[in-house]
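To keep things clear, I will list the structure first and then write my remarks on it.
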Amino acid sequence: MTCRKGRLPAIRRVSSAIGLYEKALSGRTWADRFRQATTAGYDFVELSIDSSPQKLERLSWSERERSTLRQYAADAGSRIGTIVLSAHRDFPWGSPEASIRHRADELARDAIGLARDLGAHCVQIAGYFVFDGQRDENVRDRFIEGMRVAAAIADEQGITLAIENVDGQDVLSASDGIALLADIDVPDVKLYIDVGNYAGNRLDVVDELTTALPYAYAVQFKDARPGVFRRVPFGNGVVPWPEVLAVLEASELRGAVSIEMWNDDEDPAMVADALRWFESVTFP
């Protein structure tokens, strides 16, 4: 076993399932995107539901549209692994406005249904109580209430909810996430660790990762610099990748690892280049 592991790329030594954030892909059709991901060496794709009209429309896909997307993935030897529900950034559960909270409930319910129909096992929930809007002393309590309602629906559908540590002022650290899980008090709600966000928040990435891993569903990889959370090329940020990989290997992570990037220039080589970069990372 030791010899076999030694021949694997570093990222494959920490997880047998490697995913890719949808926004890293450059294909014009879903068939192209799934083929691109599989050809580059990824096992699954994370589907984005942000607050843009184009992404929100996905929550209203017909049964046929959902079945077709699932078939495109299967034909390419891929799958939808996670629904990334970042639309709560603009429609937060913690809002003092009841209409916004109602919209947050709808988004979660619809994303859970989409995950079920696409064969995804998880909906990632962004850890924003309120990102940019009215706040009061009850934002955290309202977020917890929304999560509990969504978790009951997710449990009925066989879907896991996992909270991502984010930028802003709410769920930033491992301790923030763990304390939130304790107060939500639903066994199947997990953490979706973003190591880049730890770095962007000026936290000790290795300490945070080590603390959070026992509560994790999956781990997202992106690089970052203090205060810069997106679009930092791998190797140009401050995430200590050799140490991160070593912590994950020692933990015998049971969940998946995914790579998060934004392919603004429609570069068809980006997704393969990212995996190739991780092949060059050596363990300490």
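Just remember, in the structure tokens the first chain shown is A, the second B, etc., residues are 1-based per chain, and ligands are 1-based in the order shown.
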Residues within 9 Å of segment 274-280 of chain A, only C-alpha atoms, excluding chain neighbours under 6 positions, as an NGL selection string
:A and (8-12 or 40-42 or 233-235 or 241 or 259)
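Among the candidate residues A:Ala154, A:Val228, A:Ala256, A:Leu25, the one lying nearest to Gly168 of chain A is A:Val228, with distances computed using only C-alpha atoms.
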DSSP-assigned alpha helix (DSSP H) among segment 105-262 of chain A, expressed as a VMD selection string
chain A and resid 105 to 118 139 to 157 174 to 184 195 to 200 205 to 212 241 to 251
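Closest approach to Lys23 of chain A among A:Arg148, A:Arg231, A:Arg116, A:Arg103 is made by A:Arg231 (distances from only C-alpha atoms).
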